[in-house]
$ cat coords.cif   # mmCIF, C-alpha atoms
data_my_file
loop_
_atom_site.label_atom_id
_atom_site.label_comp_id
_atom_site.auth_asym_id
_atom_site.auth_seq_id
_atom_site.Cartn_x
_atom_site.Cartn_y
_atom_site.Cartn_z
CA MET A 843 263.74 -22.93 43.08
CA GLU A 844 264.73 -25.59 45.60
CA LEU A 845 265.60 -24.63 49.14
CA PRO A 846 267.33 -27.61 50.81
CA MET A 847 267.61 -25.93 54.22
CA ALA A 848 264.02 -24.68 54.17
CA ARG A 849 262.96 -28.15 53.17
CA SER A 850 264.78 -29.92 55.99
CA ALA A 851 263.48 -27.30 58.45
CA GLU A 852 259.96 -27.97 57.19
CA VAL A 853 260.31 -31.77 57.39
CA CYS A 854 261.67 -31.59 60.97
CA LEU A 855 258.94 -29.19 62.06
CA ARG A 856 256.17 -31.22 60.45
CA ILE A 857 257.34 -34.54 61.93
CA SER A 858 257.63 -33.07 65.43
CA ALA A 859 254.24 -31.38 65.01
CA ILE A 860 252.64 -34.70 64.00
CA LEU A 861 254.11 -36.45 67.06
CA VAL A 862 253.00 -33.71 69.45
CA LEU A 863 249.54 -33.60 67.87
CA ILE A 864 249.10 -37.35 68.26
CA VAL A 865 250.13 -37.11 71.92
CA THR A 866 247.63 -34.25 72.42
CA THR A 867 244.80 -36.22 70.82
CA CYS A 868 245.49 -39.36 72.87
CA VAL A 869 245.90 -37.55 76.20
CA ALA A 870 242.67 -35.61 75.67
CA ALA A 871 240.62 -38.45 74.23
CA PHE A 872 241.52 -41.04 76.90
CA ASP A 873 240.82 -38.63 79.76
CA THR A 874 237.79 -39.84 81.74
CA GLN A 875 236.83 -39.77 85.39
CA THR A 876 233.69 -40.99 87.18
CA GLU A 877 232.57 -39.29 90.39
CA LEU A 878 229.52 -39.16 92.63
CA VAL A 879 227.74 -35.82 92.32
CA LEU A 880 225.34 -34.77 95.14
CA SER A 881 226.20 -38.14 96.80
CA VAL A 882 223.68 -40.04 94.62
CA ILE A 883 224.14 -39.40 90.90
CA GLU A 884 227.18 -40.89 89.24
CA LYS A 885 228.62 -38.58 86.63
CA LYS A 886 231.32 -39.47 84.14
CA ALA A 887 233.43 -36.62 82.82
CA SER A 888 235.05 -37.10 79.44
CA TYR A 889 236.08 -34.91 76.54
CA ARG A 890 232.63 -35.50 75.01
CA ASP A 891 230.93 -33.41 77.72
CA VAL A 892 232.46 -30.11 76.73
CA ASN A 893 232.10 -29.06 73.09
CA ALA A 894 235.44 -27.29 73.11
CA LEU A 895 237.27 -30.47 74.13
CA LYS A 896 235.45 -32.50 71.48
CA ILE A 897 236.50 -29.95 68.88
CA LEU A 898 240.08 -30.02 70.25
CA VAL A 899 240.29 -33.80 69.76
CA TYR A 900 238.90 -33.61 66.22
CA VAL A 901 241.06 -30.65 65.24
CA THR A 902 244.33 -32.08 66.55
CA SER A 903 243.78 -35.40 64.77
CA ALA A 904 242.84 -33.60 61.54
CA ALA A 905 245.93 -31.39 61.85
CA ALA A 906 248.16 -34.45 62.28
CA GLY A 907 246.64 -35.90 59.09
CA TYR A 908 247.11 -32.60 57.25
CA ASN A 909 250.79 -32.43 58.20
CA PHE A 910 251.26 -36.01 57.07
CA LEU A 911 249.73 -35.17 53.67
CA GLN A 912 252.02 -32.15 53.41
CA LEU A 913 255.01 -34.42 54.07
CA CYS A 914 253.85 -36.69 51.23
CA LYS A 915 254.41 -33.92 48.68
CA TYR A 916 258.17 -34.57 48.71
CA PRO A 917 258.09 -38.25 47.63
CA ALA A 918 255.28 -37.33 45.19
CA SER A 919 257.30 -34.58 43.54
CA ALA A 920 260.30 -36.92 43.31
CA PHE A 921 258.07 -39.51 41.66
CA PHE A 922 256.31 -37.23 39.20
CA GLY A 923 259.45 -35.29 38.35
CA ARG A 924 260.71 -32.22 40.10
CA ASN A 925 261.07 -29.91 37.11
CA LEU A 926 257.83 -28.07 37.61
CA ILE A 927 257.44 -24.90 35.61
CA LYS A 928 257.87 -21.68 37.54
CA GLY A 929 254.19 -20.63 37.38
CA SER A 930 252.85 -23.83 38.91
CA TYR A 931 255.55 -23.76 41.60
CA ILE A 932 254.32 -20.30 42.65
CA ASN A 933 250.70 -21.47 42.72
CA PHE A 934 251.69 -24.46 44.82
CA ALA A 935 253.61 -22.22 47.23
CA TRP A 936 250.53 -20.00 47.57
CA VAL A 937 248.31 -23.02 48.32
CA CYS A 938 250.78 -24.31 50.94
CA PHE A 939 251.07 -20.85 52.50
CA LEU A 940 247.28 -20.39 52.75
CA LEU A 941 246.65 -23.93 54.04
CA ASP A 942 249.39 -23.60 56.65
CA GLN A 943 248.01 -20.25 57.80
CA ILE A 944 244.47 -21.63 58.10
CA ALA A 945 245.71 -24.76 59.90
CA VAL A 946 247.70 -22.82 62.48
CA TYR A 947 244.83 -20.43 63.23
CA ILE A 948 242.34 -23.28 63.58
CA ILE A 949 244.55 -25.27 65.94
CA PHE A 950 245.32 -22.16 67.94
CA ALA A 951 241.64 -21.28 68.21
CA ALA A 952 240.72 -24.84 69.26
CA ASN A 953 243.40 -24.81 71.95
CA SER A 954 242.36 -21.45 73.33
CA ALA A 955 238.71 -22.48 73.41
CA ALA A 956 239.61 -25.65 75.32
CA PHE A 957 241.80 -23.61 77.66
CA GLN A 958 238.87 -21.30 78.41
CA GLY A 959 236.66 -24.35 79.09
CA CYS A 960 239.24 -25.61 81.59
CA MET A 961 239.49 -22.18 83.22
CA VAL A 962 235.73 -22.14 83.81
CA ALA A 963 236.06 -25.63 85.32
CA LEU A 964 238.86 -24.35 87.57
CA THR A 965 237.29 -21.12 88.77
CA GLY A 966 233.55 -21.38 88.14
CA VAL A 967 231.32 -18.43 87.19
CA ASP A 968 229.19 -17.09 89.99
CA ALA A 969 226.75 -14.99 87.94
CA PHE A 970 225.69 -17.95 85.80
CA GLN A 971 225.81 -20.44 88.74
CA TRP A 972 228.50 -22.55 87.11
CA MET A 973 230.26 -24.44 89.87
CA LYS A 974 233.92 -25.35 89.96
CA ALA A 975 234.32 -28.81 88.47
CA CYS A 976 238.01 -29.40 89.14
CA ASP A 977 237.42 -29.90 92.88
CA LYS A 978 235.60 -33.10 92.01
CA PHE A 979 237.25 -34.09 88.75
CA THR A 980 240.82 -33.28 89.78
CA ARG A 981 242.64 -35.99 87.83
CA PHE A 982 240.54 -35.24 84.75
CA CYS A 983 241.49 -31.56 84.93
CA ILE A 984 245.19 -32.25 85.42
CA GLN A 985 245.33 -34.64 82.47
CA MET A 986 243.45 -32.13 80.30
CA GLY A 987 245.97 -29.47 81.33
CA GLY A 988 248.73 -31.72 80.02
CA ALA A 989 246.85 -32.13 76.74
CA LEU A 990 246.54 -28.35 76.45
CA LEU A 991 250.27 -27.88 77.06
CA CYS A 992 251.01 -30.34 74.23
CA GLY A 993 248.46 -28.55 72.07
CA TYR A 994 250.17 -25.20 72.58
CA LEU A 995 253.55 -26.76 71.78
CA ALA A 996 252.02 -28.07 68.55
CA SER A 997 250.62 -24.61 67.80
CA ILE A 998 254.07 -23.06 68.19
CA LEU A 999 255.62 -25.69 65.89
CA MET A 1000 252.92 -25.07 63.30
CA ALA A 1001 253.35 -21.29 63.58
CA LEU A 1002 257.08 -21.74 62.82
CA MET A 1003 256.13 -23.94 59.88
CA ALA A 1004 253.74 -21.29 58.57
CA SER A 1005 256.64 -18.83 58.69
CA VAL A 1006 258.79 -21.21 56.63
CA SER A 1007 255.98 -21.44 54.03
CA ALA A 1008 255.71 -17.65 54.04
CA TYR A 1009 259.48 -17.43 53.48
CA ARG A 1010 259.29 -19.82 50.55
CA LEU A 1011 256.48 -17.91 48.93
CA PHE A 1012 257.49 -14.32 49.55
CA SER A 1013 261.20 -14.76 48.87
CA MET A 1014 260.20 -15.33 45.22
CA TYR A 1015 258.76 -11.82 45.04
CA SER A 1016 260.51 -8.54 44.48
CA PRO A 1017 261.33 -6.39 47.54
CA ASN A 1018 260.76 -3.26 45.47
CA TRP A 1019 257.40 -3.99 43.86
CA PHE A 1020 254.46 -5.33 45.82
CA LEU A 1021 253.37 -8.78 44.61
CA ARG A 1022 255.60 -8.72 41.53
CA LEU A 1023 257.88 -11.65 40.84
CA LYS A 1024 261.60 -11.21 40.94
CA THR A 1025 263.39 -10.82 37.65
CA LYS A 1026 266.27 -13.23 37.87
CA MET B 1454 263.64 -0.60 50.07
CA GLU B 1455 260.33 1.28 50.02
CA LEU B 1456 257.14 -0.48 48.97
CA PRO B 1457 254.46 2.19 48.37
CA MET B 1458 251.69 -0.34 47.65
CA ALA B 1459 252.57 -2.53 50.62
CA ARG B 1460 252.62 0.60 52.74
CA SER B 1461 249.19 1.81 51.65
CA ALA B 1462 247.80 -1.73 52.09
CA GLU B 1463 249.25 -1.77 55.61
CA VAL B 1464 247.89 1.68 56.51
CA CYS B 1465 244.38 0.78 55.26
CA LEU B 1466 244.42 -2.56 57.10
CA ARG B 1467 245.68 -1.04 60.33
CA ILE B 1468 243.14 1.81 60.33
CA SER B 1469 240.23 -0.54 59.67
CA ALA B 1470 241.57 -2.95 62.33
CA ILE B 1471 241.73 -0.11 64.88
CA LEU B 1472 238.12 0.91 64.14
CA VAL B 1473 236.82 -2.68 64.36
CA LEU B 1474 238.81 -3.29 67.57
CA ILE B 1475 237.37 -0.17 69.21
CA VAL B 1476 233.85 -1.28 68.25
CA THR B 1477 234.55 -4.75 69.70
CA THR B 1478 235.84 -3.32 72.97
CA CYS B 1479 232.87 -0.95 73.39
CA VAL B 1480 230.21 -3.54 72.49
CA ALA B 1481 231.71 -6.09 74.89
CA ALA B 1482 232.48 -3.68 77.74
CA PHE B 1483 229.06 -1.96 77.79
CA ASP B 1484 227.16 -5.27 77.73
CA THR B 1485 225.32 -5.73 81.05
CA GLN B 1486 221.99 -7.27 82.02
CA THR B 1487 220.36 -7.70 85.44
CA GLU B 1488 217.97 -10.60 86.01
CA LEU B 1489 216.26 -12.36 88.92
CA VAL B 1490 217.81 -15.78 89.52
CA LEU B 1491 215.77 -18.36 91.48
CA SER B 1492 213.06 -15.60 91.83
CA VAL B 1493 214.86 -13.96 94.76
CA ILE B 1494 218.51 -13.19 94.04
CA GLU B 1495 219.26 -10.38 91.60
CA LYS B 1496 222.26 -11.19 89.43
CA LYS B 1497 224.00 -8.79 87.11
CA ALA B 1498 225.83 -10.27 84.15
CA SER B 1499 228.67 -8.24 82.69
CA TYR B 1500 231.93 -8.96 80.93
CA ARG B 1501 233.63 -8.95 84.34
CA ASP B 1502 231.93 -12.24 85.34
CA VAL B 1503 233.67 -14.43 82.79
CA ASN B 1504 237.46 -14.27 82.71
CA ALA B 1505 237.55 -14.87 78.96
CA LEU B 1506 235.39 -11.81 78.29
CA LYS B 1507 237.49 -9.68 80.62
CA ILE B 1508 240.60 -10.79 78.73
CA LEU B 1509 238.84 -10.09 75.41
CA VAL B 1510 238.13 -6.50 76.42
CA TYR B 1511 241.72 -5.93 77.59
CA VAL B 1512 243.26 -7.62 74.56
CA THR B 1513 241.17 -5.78 71.96
CA SER B 1514 241.92 -2.39 73.51
CA ALA B 1515 245.64 -3.24 73.74
CA ALA B 1516 245.62 -4.40 70.10
CA ALA B 1517 244.01 -1.13 69.00
CA GLY B 1518 246.79 0.75 70.81
CA TYR B 1519 249.44 -1.48 69.25
CA ASN B 1520 248.13 -0.84 65.75
CA PHE B 1521 248.06 2.88 66.45
CA LEU B 1522 251.72 2.78 67.54
CA GLN B 1523 252.59 0.83 64.38
CA LEU B 1524 250.91 3.56 62.31
CA CYS B 1525 253.05 6.17 64.07
CA LYS B 1526 256.21 4.68 62.58
CA TYR B 1527 255.53 6.39 59.22
CA PRO B 1528 255.45 9.99 60.46
CA ALA B 1529 258.38 9.11 62.76
CA SER B 1530 260.50 7.77 59.91
CA ALA B 1531 259.63 10.85 57.81
CA PHE B 1532 260.71 13.04 60.73
CA PHE B 1533 263.96 11.27 61.58
CA GLY B 1534 264.91 10.73 57.95
CA ARG B 1535 264.02 7.78 55.81
CA ASN B 1536 267.47 6.77 54.64
CA LEU B 1537 268.00 4.01 57.13
CA ILE B 1538 270.89 1.68 56.44
CA LYS B 1539 269.96 -1.70 55.06
CA GLY B 1540 270.92 -3.66 58.19
CA SER B 1541 268.68 -1.70 60.55
CA TYR B 1542 265.82 -1.84 58.03
CA ILE B 1543 266.01 -5.64 58.09
CA ASN B 1544 266.06 -5.69 61.89
CA PHE B 1545 263.07 -3.38 61.99
CA ALA B 1546 261.20 -5.60 59.49
CA TRP B 1547 261.94 -8.64 61.72
CA VAL B 1548 260.62 -6.82 64.79
CA CYS B 1549 257.44 -5.76 62.95
CA PHE B 1550 256.96 -9.29 61.60
CA LEU B 1551 257.33 -10.91 65.03
CA LEU B 1552 255.16 -8.34 66.82
CA ASP B 1553 252.42 -8.67 64.19
CA GLN B 1554 252.50 -12.45 64.43
CA ILE B 1555 252.28 -12.37 68.23
CA ALA B 1556 249.47 -9.78 68.12
CA VAL B 1557 247.36 -11.75 65.66
CA TYR B 1558 247.73 -15.00 67.64
CA ILE B 1559 246.86 -13.30 70.93
CA ILE B 1560 243.76 -11.62 69.52
CA PHE B 1561 242.70 -14.83 67.84
CA ALA B 1562 243.17 -16.80 71.06
CA ALA B 1563 241.24 -14.23 73.10
CA ASN B 1564 238.36 -14.34 70.62
CA SER B 1565 238.19 -18.10 70.56
CA ALA B 1566 238.28 -18.31 74.34
CA ALA B 1567 235.41 -15.81 74.56
CA PHE B 1568 233.54 -17.74 71.88
CA GLN B 1569 233.89 -20.92 73.93
CA GLY B 1570 232.62 -19.08 77.03
CA CYS B 1571 229.55 -17.99 75.06
CA MET B 1572 229.00 -21.52 73.74
CA VAL B 1573 228.93 -22.89 77.30
CA ALA B 1574 226.43 -20.15 78.15
CA LEU B 1575 224.30 -21.19 75.14
CA THR B 1576 224.35 -24.95 75.61
CA GLY B 1577 225.33 -25.62 79.22
CA VAL B 1578 227.42 -28.61 80.36
CA ASP B 1579 225.44 -31.38 81.99
CA ALA B 1580 228.33 -33.33 83.56
CA PHE B 1581 229.59 -30.29 85.47
CA GLN B 1582 226.04 -29.00 86.21
CA TRP B 1583 226.61 -25.76 84.33
CA MET B 1584 223.21 -24.43 83.34
CA LYS B 1585 222.40 -22.54 80.19
CA ALA B 1586 222.72 -18.84 80.92
CA CYS B 1587 221.43 -17.43 77.63
CA ASP B 1588 217.82 -18.39 78.43
CA LYS B 1589 217.90 -15.77 81.16
CA PHE B 1590 220.49 -13.35 79.87
CA THR B 1591 219.32 -13.31 76.25
CA ARG B 1592 220.11 -9.71 75.35
CA PHE B 1593 223.51 -10.02 77.03
CA CYS B 1594 224.32 -13.09 74.93
CA ILE B 1595 223.19 -11.52 71.65
CA GLN B 1596 225.23 -8.38 72.25
CA MET B 1597 228.28 -10.48 73.15
CA GLY B 1598 227.78 -12.45 69.92
CA GLY B 1599 227.99 -9.16 68.01
CA ALA B 1600 231.21 -8.29 69.85
CA LEU B 1601 232.66 -11.68 68.90
CA LEU B 1602 231.76 -11.19 65.23
CA CYS B 1603 233.57 -7.83 65.27
CA GLY B 1604 236.48 -9.50 67.05
CA TYR B 1605 236.79 -12.16 64.37
CA LEU B 1606 236.65 -9.49 61.65
CA ALA B 1607 239.50 -7.72 63.44
CA SER B 1608 241.43 -11.02 63.62
CA ILE B 1609 241.08 -11.50 59.86
CA LEU B 1610 242.26 -7.94 59.19
CA MET B 1611 245.26 -8.46 61.48
CA ALA B 1612 246.07 -11.80 59.84
CA LEU B 1613 246.17 -10.04 56.44
CA MET B 1614 248.40 -7.40 57.99
CA ALA B 1615 250.74 -10.07 59.35
CA SER B 1616 251.01 -11.45 55.82
CA VAL B 1617 251.96 -8.01 54.51
CA SER B 1618 254.71 -7.79 57.18
CA ALA B 1619 255.88 -11.28 56.20
CA TYR B 1620 255.99 -10.18 52.55
CA ARG B 1621 258.05 -7.13 53.43
CA LEU B 1622 260.53 -9.16 55.43
CA PHE B 1623 260.90 -12.28 53.33
CA SER B 1624 260.94 -10.55 49.94
CA MET B 1625 264.33 -9.18 50.97
CA TYR B 1626 265.74 -12.70 51.21
CA SER B 1627 267.02 -14.97 48.48
CA PRO B 1628 264.66 -17.64 47.09
CA ASN B 1629 267.61 -19.97 46.56
CA TRP B 1630 269.37 -19.78 49.93
CA PHE B 1631 267.50 -20.06 53.18
CA LEU B 1632 267.75 -16.89 55.30
CA ARG B 1633 270.37 -15.30 53.08
CA LEU B 1634 269.85 -11.75 51.86
CA LYS B 1635 269.38 -11.07 48.17
CA THR B 1636 272.40 -9.82 46.29
CA LYS B 1637 271.11 -6.88 44.35
#
$ encode --input "coords.cif" --output "structure tokens"
Amino acid sequence: MELPMARSAEVCLRISAILVLIVTTCVAAFDTQTELVLSVIEKKASYRDVNALKILVYVTSAAAGYNFLQLCKYPASAFFGRNLIKGSYINFAWVCFLLDQIAVYIIFAANSAAFQGCMVALTGVDAFQWMKACDKFTRFCIQMGGALLCGYLASILMALMASVSAYRLFSMYSPNWFLRLKTK
Amino acid sequence: MELPMARSAEVCLRISAILVLIVTTCVAAFDTQTELVLSVIEKKASYRDVNALKILVYVTSAAAGYNFLQLCKYPASAFFGRNLIKGSYINFAWVCFLLDQIAVYIIFAANSAAFQGCMVALTGVDAFQWMKACDKFTRFCIQMGGALLCGYLASILMALMASVSAYRLFSMYSPNWFLRLKTK
């Protein structure tokens, strides 16, 4: 029931995902720019202004923490003994599969929402009288674009990881009967 | 190599996904409202004004077509003969798995981007001087909210479908060796 190659693939993917997620969080959270608007009012743009960017910062830091917790399961299983019975191993694989799926969808959704926010800032929306913001806050927009690139890289890493969890779970089932365990 | 239950689950999921996707496309595409802005200028809000909504409409209709094509593989395989050799069956399962994964991520991203667009319309962004648009275009916003709900329902259906494809693919592999086929 142990898959050494799947395990090392998972550890590599999770560690790189954590690093990329931390970079994303930092780049987005420390992105501020102050500009004069209408020549009199001073406006400061930061991730707190746009809900989608706030959510992006929270979600990427939470995802980094989640991946770290998932990494902790290996020392924990070594400590508590690795000879888990087959039934509980299956349940654990289901939990990991579902959590990984949820995590990857949430991070993907947060990224796409932030991307849309940046697109509105780049192009503006005439019908709703939303002006372009990137003309004024150029450096802010460029830095946020970098954060989004990192975020998408993290999404891809986590999607690969979700596939590894799916492999682990579904390879225990029979190819001939739907949701029936293999007879060894 | 045939999984009747997995197949009926897939057919049910795909048909319901197609129906929900068509509803999403229609609700979003036929959502227009004309209002007076600043008491003089007449502005018409439609999905064409916000890039994210335009992309949502295109993506949901493309996803409906994709699911329809995937459904066609069953009559096609019955027509051309079902006794495919094992190797090509595996390749086909990989292609279906990858396409389903890509489709579900794209539809999820499009939905989240549109959701973010609607959130900006609901709340406005003070720093960038984006005004709330839903005060004026209330009916437009409510209808778009309905489209987004349908879109998320479709995303969930397609995520379940992607799990069925993953089951089909990975249940053919060994639980003890990573990416090695089962010896029957």
$ closest_residue --input "coords.cif" --among "A:Ala851, A:Ala920, A:Val901, A:Ile984" --to "chain B" --atoms "all atoms listed in the file"
A:Ala851
$ atom_distance --input "coords.cif" --atom1 "CA of Val1510 (chain B)" --atom2 "CA of Leu964 (chain A)"
21.1 Å
$ resolve_selection --input "coords.cif" --expression "the PyMOL selection byres ((chain A) within 7 of (chain B))" --output "VMD selection string"
chain A and resid 843 to 845 847 to 848 885 to 887 891 to 892 894 950 to 951 954 to 955 958 to 959 967 969 to 973 975 1008 to 1010 1012 to 1020
$ resolve_selection --input "coords.cif" --expression "the PyMOL selection byres ((chain B and resi 1482) around 9)" --output "list in words"
Thr1477, Thr1478, Cys1479, Val1480, Ala1481, Phe1483, Asp1484, Thr1485, Ser1499, Tyr1500, Arg1501, Leu1506, Lys1507 and Val1510 of chain B
$ closest_residue --input "coords.cif" --among "B:Thr1591, B:Ser1541, B:Gln1596, B:Asn1520" --to "Val1464 (chain B)" --atoms "all atoms listed in the file"
B:Asn1520
$ atom_distance --input "coords.cif" --atom1 "CA of Cys1594 (chain B)" --atom2 "CA of Leu1466 (chain B)"
28.9 Å
$ closest_residue --input "coords.cif" --among "B:Leu1602, B:Val1493, B:Cys1549, B:Leu1613" --to "Lys1526 (chain B)" --atoms "all atoms listed in the file"
B:Cys1549
$ atom_distance --input "coords.cif" --atom1 "CA of Ala935 (chain A)" --atom2 "CA of Ala859 (chain A)"
20.0 Å
$ closest_residue --input "coords.cif" --among "B:Phe1545, B:Tyr1605, B:Phe1532, B:Tyr1519" --to "Ile1468 (chain B)" --atoms "all atoms listed in the file"
B:Tyr1519
$ closest_residue --input "coords.cif" --among "A:Cys914, A:Ile932, A:Leu861, A:Cys854" --to "Met1003 (chain A)" --atoms "all atoms listed in the file"
A:Cys854
